[in-house]
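**Student:** Here it is, the structure in full.
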Amino acid sequence: MNFHIMTLFPEMVTQGLETSILGRATEKKLITVDSVNIRDYTADLRHRKVDDYTYGGGAGMLMQAQPVYDCWKAVEARIHEKTTSPEKTRVIYVTPQGQVFNQHMAENFSKEEDLIFLCGHYEGVDERVLEEIVTDYVSIGDYVLTGGELPAMVMIDAISRLVPGVLNNDASAETESFHEDLLEYPQYSRPEEWMGRKVPDVLLSGDHAKVDAWRLEQSVERTRLRRPDLYEKWLAAHPPKPEKRKRRRKKESE
Ligand code: ADE
């Protein structure tokens, strides 16, 4: 999978993504990260300016349409050199005004061969170029950061780990948090007792069916307590069987 990041700070993104699991994934050519400096596409060769005041007044500067558009055209051309598909590559504009990113969106984006991220700075980007090139407006949460690089890195991390081979054990993507709208169950490693706290007996029993049942129960309970919004979604998709209904109702009233 190939990530193309349009940014004013390319080194921030490349350095941030070259370590640990993603660094290894890049070495193995499972992913590529291509950071492109928008400033290299400015028509203002003298001052290399990419921003200007906003029409109508107001504080701060705005990224201008021309350098962003020319940068995108260069990225698109590079992508099309190596594919025969006529389809336009998805362009994600990272912005607090976007749809809030989640695991389902990460799964959906991970199916693409190429993805382009546009990182804004200053007060944002001229609306006309956004209308022209952006396919997805995505936020990482209801707070405002100084630029789009960190949100792009967050999304690239979450998407990359779903690319086959990036995680050593593909099974872990199926048991982890948010799979089927549930949080992950608690986990334990050696020793069996630490500071007077014991590993639950069932995990030492060797009975895999019992372990699976215990883990599912823990996932459901943890989700109910910590993320009632997710629990409601899970419940809607998994209505309790009649005999379990009474038990679940009792728990919920506790
Ligand atoms: N740019 C600034 N803040 C952001 C956020 N919360 N999500 C995505 N992009 C942003």
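Ordering of the structure tokens sets the chain letters (A, B, ...); residue numbers start at 1 within each chain; ligands are numbered from 1 in the order shown.
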Using only C-alpha atoms and all ligand atoms, find each protein or nucleic acid residue lying at most 6 Å from ligand 1; present the set as number ranges by chain.
**Tutor:** A: 94-96, 139-148, 151
**Student:** Keeping only N, CA and C atoms, write those residues as a JSON list (two decimals), in the first residue's frame.
**Tutor:**
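Final output, saved to selection.json:
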```json
[["chain", "number", "residue", "atom", "x", "y", "z"],
["A", 94, "VAL", "N", -7.22, 16.08, 6.00],
["A", 94, "VAL", "CA", -7.34, 15.93, 7.46],
["A", 94, "VAL", "C", -7.71, 17.27, 8.06],
["A", 95, "THR", "N", -8.86, 17.29, 8.70],
["A", 95, "THR", "CA", -9.43, 18.54, 9.19],
["A", 95, "THR", "C", -10.37, 18.27, 10.36],
["A", 96, "PRO", "N", -10.39, 19.18, 11.36],
["A", 96, "PRO", "CA", -11.34, 18.97, 12.46],
["A", 96, "PRO", "C", -12.80, 19.02, 11.98],
["A", 139, "SER", "N", -11.41, 13.76, 10.41],
["A", 139, "SER", "CA", -10.85, 14.35, 11.64],
["A", 139, "SER", "C", -10.38, 13.22, 12.54],
["A", 140, "ILE", "N", -9.45, 13.51, 13.47],
["A", 140, "ILE", "CA", -9.11, 12.45, 14.44],
["A", 140, "ILE", "C", -9.76, 12.71, 15.79],
["A", 141, "GLY", "N", -10.57, 13.74, 15.91],
["A", 141, "GLY", "CA", -11.27, 13.97, 17.17],
["A", 141, "GLY", "C", -11.66, 15.42, 17.31],
["A", 142, "ASP", "N", -12.50, 15.69, 18.29],
["A", 142, "ASP", "CA", -13.04, 17.04, 18.43],
["A", 142, "ASP", "C", -12.11, 17.95, 19.23],
["A", 143, "TYR", "N", -10.98, 18.23, 18.66],
["A", 143, "TYR", "CA", -10.01, 19.18, 19.20],
["A", 143, "TYR", "C", -9.21, 19.69, 18.01],
["A", 144, "VAL", "N", -8.55, 20.86, 18.22],
["A", 144, "VAL", "CA", -7.85, 21.44, 17.07],
["A", 144, "VAL", "C", -6.34, 21.38, 17.28],
["A", 145, "LEU", "N", -5.64, 20.83, 16.30],
["A", 145, "LEU", "CA", -4.18, 20.74, 16.33],
["A", 145, "LEU", "C", -3.59, 21.83, 15.44],
["A", 146, "THR", "N", -2.27, 21.99, 15.50],
["A", 146, "THR", "CA", -1.66, 23.08, 14.73],
["A", 146, "THR", "C", -1.53, 22.75, 13.24],
["A", 147, "GLY", "N", -1.62, 21.47, 12.90],
["A", 147, "GLY", "CA", -1.51, 21.10, 11.49],
["A", 147, "GLY", "C", -2.01, 19.69, 11.26],
["A", 148, "GLY", "N", -2.02, 19.29, 10.00],
["A", 148, "GLY", "CA", -2.60, 17.98, 9.67],
["A", 148, "GLY", "C", -1.60, 16.82, 9.71],
["A", 151, "PRO", "N", -2.40, 14.14, 12.65],
["A", 151, "PRO", "CA", -3.58, 13.33, 12.29],
["A", 151, "PRO", "C", -3.30, 12.38, 11.12]]
```
**Student:** Show me, as a ChimeraX atom specification, the residues that have an atom within 7 Å of Tyr122 of chain A when counting only C-alpha atoms, minus same-chain residues fewer than 4 positions from it.
**Tutor:** /A:60-62
**Student:** Using only C-alpha atoms, find the one residue out of A:Ile156, A:Val199, A:Ile38, A:Leu45 that sits nearest to Val75 of chain A.
**Tutor:** A:Ile38
**Student:** Quick check, in Å to one decimal: how far apart do atom CA of Ala65 of chain A and atom CA of Asp51 of chain A lie?
**Tutor:** 9.0 Å
**Student:** Going by DSSP on the backbone, which residues of segment 6-254 of chain A come out as alpha helix (DSSP H)? List them as a PyMOL selection string.
**Tutor:** chain A and resi 10-17+20-27+65-82+103-109+127-133+149-160+172-175+208-226+228-237+242-253
**Student:** Save the residues we just selected, C-alpha atoms, as a CSV table (one decimal), in the first residue's frame?
**Tutor:**
```csv
chain,number,residue,atom,x,y,z
A,10,PRO,CA,7.7,16.4,4.9
A,11,GLU,CA,10.5,15.5,7.3
A,12,MET,CA,8.1,15.4,10.2
A,13,VAL,CA,6.0,12.7,8.6
A,14,THR,CA,8.9,10.6,7.2
A,15,GLN,CA,10.8,10.7,10.5
A,16,GLY,CA,7.7,9.9,12.5
A,17,LEU,CA,6.9,6.8,10.4
A,20,SER,CA,9.3,0.4,14.8
A,21,ILE,CA,6.7,-1.7,13.0
A,22,LEU,CA,6.0,0.8,10.2
A,23,GLY,CA,9.8,1.2,9.6
A,24,ARG,CA,10.1,-2.6,9.2
A,25,ALA,CA,7.0,-2.6,6.9
A,26,THR,CA,8.6,0.0,4.7
A,27,GLU,CA,11.9,-2.0,4.6
A,65,ALA,CA,-5.1,26.8,-4.1
A,66,GLN,CA,-2.3,26.8,-6.8
A,67,PRO,CA,0.6,25.1,-5.0
A,68,VAL,CA,-1.8,22.5,-3.5
A,69,TYR,CA,-3.4,21.8,-6.9
A,70,ASP,CA,-0.1,21.5,-8.7
A,71,CYS,CA,1.3,19.3,-6.0
A,72,TRP,CA,-1.7,17.0,-6.2
A,73,LYS,CA,-1.4,16.8,-10.0
A,74,ALA,CA,2.2,15.7,-9.7
A,75,VAL,CA,1.3,13.1,-7.1
A,76,GLU,CA,-1.6,11.8,-9.3
A,77,ALA,CA,0.7,11.6,-12.3
A,78,ARG,CA,3.2,9.6,-10.4
A,79,ILE,CA,0.5,7.1,-9.2
A,80,HIS,CA,-0.8,6.8,-12.8
A,81,GLU,CA,2.6,6.0,-14.1
A,82,LYS,CA,2.5,2.6,-12.3
A,103,GLN,CA,-11.5,1.4,13.1
A,104,HIS,CA,-14.2,0.8,10.4
A,105,MET,CA,-12.8,3.7,8.3
A,106,ALA,CA,-9.3,2.3,8.8
A,107,GLU,CA,-10.5,-1.0,7.4
A,108,ASN,CA,-12.1,0.6,4.5
A,109,PHE,CA,-9.1,2.8,3.6
A,127,GLU,CA,-12.0,26.1,-0.4
A,128,ARG,CA,-11.9,25.9,-4.2
A,129,VAL,CA,-9.0,23.5,-4.4
A,130,LEU,CA,-10.6,21.3,-1.7
A,131,GLU,CA,-13.8,21.2,-3.9
A,132,GLU,CA,-11.6,20.2,-6.8
A,133,ILE,CA,-9.5,17.4,-5.4
A,149,GLU,CA,0.7,16.0,9.9
A,150,LEU,CA,0.0,14.3,13.3
A,151,PRO,CA,-3.6,13.3,12.3
A,152,ALA,CA,-2.3,11.9,9.0
A,153,MET,CA,0.4,9.9,10.9
A,154,VAL,CA,-2.3,8.6,13.3
A,155,MET,CA,-4.4,7.4,10.4
A,156,ILE,CA,-1.5,6.0,8.4
A,157,ASP,CA,-0.5,4.0,11.5
A,158,ALA,CA,-4.0,2.6,12.0
A,159,ILE,CA,-4.4,1.8,8.3
A,160,SER,CA,-0.9,0.2,7.8
A,172,SER,CA,-4.4,-10.2,16.5
A,173,ALA,CA,-6.3,-7.7,14.3
A,174,GLU,CA,-9.4,-9.9,14.9
A,175,THR,CA,-9.2,-10.0,18.7
A,208,HIS,CA,-9.7,-23.1,25.1
A,209,ALA,CA,-13.5,-23.0,24.8
A,210,LYS,CA,-13.8,-21.7,28.4
A,211,VAL,CA,-11.0,-19.2,27.8
A,212,ASP,CA,-12.8,-17.9,24.7
A,213,ALA,CA,-16.1,-17.6,26.5
A,214,TRP,CA,-14.5,-15.8,29.5
A,215,ARG,CA,-12.7,-13.4,27.1
A,216,LEU,CA,-16.0,-12.5,25.2
A,217,GLU,CA,-17.8,-11.9,28.5
A,218,GLN,CA,-14.9,-9.6,29.7
A,219,SER,CA,-15.0,-7.8,26.4
A,220,VAL,CA,-18.7,-7.2,26.6
A,221,GLU,CA,-18.5,-6.1,30.3
A,222,ARG,CA,-15.6,-3.8,29.7
A,223,THR,CA,-17.3,-2.2,26.7
A,224,ARG,CA,-20.5,-1.7,28.7
A,225,LEU,CA,-18.6,0.1,31.5
A,226,ARG,CA,-16.1,2.1,29.6
A,228,PRO,CA,-21.5,2.6,26.7
A,229,ASP,CA,-21.9,4.1,23.2
A,230,LEU,CA,-20.1,1.1,21.6
A,231,TYR,CA,-21.9,-1.3,23.8
A,232,GLU,CA,-25.3,0.0,22.5
A,233,LYS,CA,-24.1,-0.7,18.9
A,234,TRP,CA,-22.8,-4.1,19.8
A,235,LEU,CA,-26.1,-5.0,21.6
A,236,ALA,CA,-28.2,-3.9,18.6
A,237,ALA,CA,-26.2,-6.3,16.4
A,242,PRO,CA,-34.3,-15.2,25.6
A,243,GLU,CA,-32.7,-17.1,28.5
A,244,LYS,CA,-29.8,-14.7,28.6
A,245,ARG,CA,-32.0,-11.6,28.5
A,246,LYS,CA,-32.9,-11.7,32.2
A,247,ARG,CA,-29.3,-12.0,33.2
A,248,ARG,CA,-28.1,-9.1,31.1
A,249,ARG,CA,-30.9,-6.9,32.3
A,250,LYS,CA,-29.9,-7.7,35.9
A,251,LYS,CA,-26.3,-6.8,35.2
A,252,GLU,CA,-27.3,-3.5,33.5
A,253,SER,CA,-29.2,-2.4,36.5
```
**Student:** Go ahead and compute the interatomic distance for atom CA of Arg197 of chain A and atom CA of Leu183 of chain A, in Å to one decimal.
**Tutor:**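 Separating atom CA of Arg197 of chain A from atom CA of Leu183 of chain A is a distance of 22.3 Å.
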**Student:** Considering only C-alpha atoms, return as a list of chain:residue names whatever protein or nucleic-acid residues lie within 7 Å of Arg90 of chain A, sequence-local ones (same chain, fewer than 5 positions apart) excluded.
**Tutor:** A:Leu115, A:Ile116, A:Thr135
**Student:** Create the file for the chosen residues now, containing N, CA and C atoms and written as an mmCIF file, in the first residue's frame.
**Tutor:**
```cif
data_model
loop_
_atom_site.group_PDB
_atom_site.id
_atom_site.type_symbol
_atom_site.label_atom_id
_atom_site.label_comp_id
_atom_site.auth_asym_id
_atom_site.auth_seq_id
_atom_site.Cartn_x
_atom_site.Cartn_y
_atom_site.Cartn_z
ATOM 1 N N LEU A 115 -3.218 6.006 -1.355
ATOM 2 C CA LEU A 115 -4.035 7.007 -0.660
ATOM 3 C C LEU A 115 -3.245 8.309 -0.612
ATOM 4 N N ILE A 116 -3.933 9.408 -0.865
ATOM 5 C CA ILE A 116 -3.263 10.715 -0.770
ATOM 6 C C ILE A 116 -3.812 11.450 0.449
ATOM 7 N N THR A 135 -11.727 13.885 -1.728
ATOM 8 C CA THR A 135 -12.824 12.905 -1.760
ATOM 9 C C THR A 135 -13.328 12.598 -0.341
#
```
**Student:** Run DSSP on the backbone and tell me which residues of segment 66-214 of chain A come out as strand (DSSP E); list them as a list in words.
**Tutor:**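 Put together, the selection reads Val91, Ile92, Tyr93, Val94, Thr95, Pro96, Gln97, Gly98, Gln99, Val100, Asp114, Leu115, Ile116, Phe117, Leu118, Cys119, Asp136, Tyr137, Val138, Ser139, Glu193, Trp194, Arg197 and Lys198 of chain A.
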**Student:** One decimal, Å: what's the distance from atom CA of Asn2 of chain A over to atom CA of Val125 of chain A, could you say?
**Tutor:** 24.0 Å
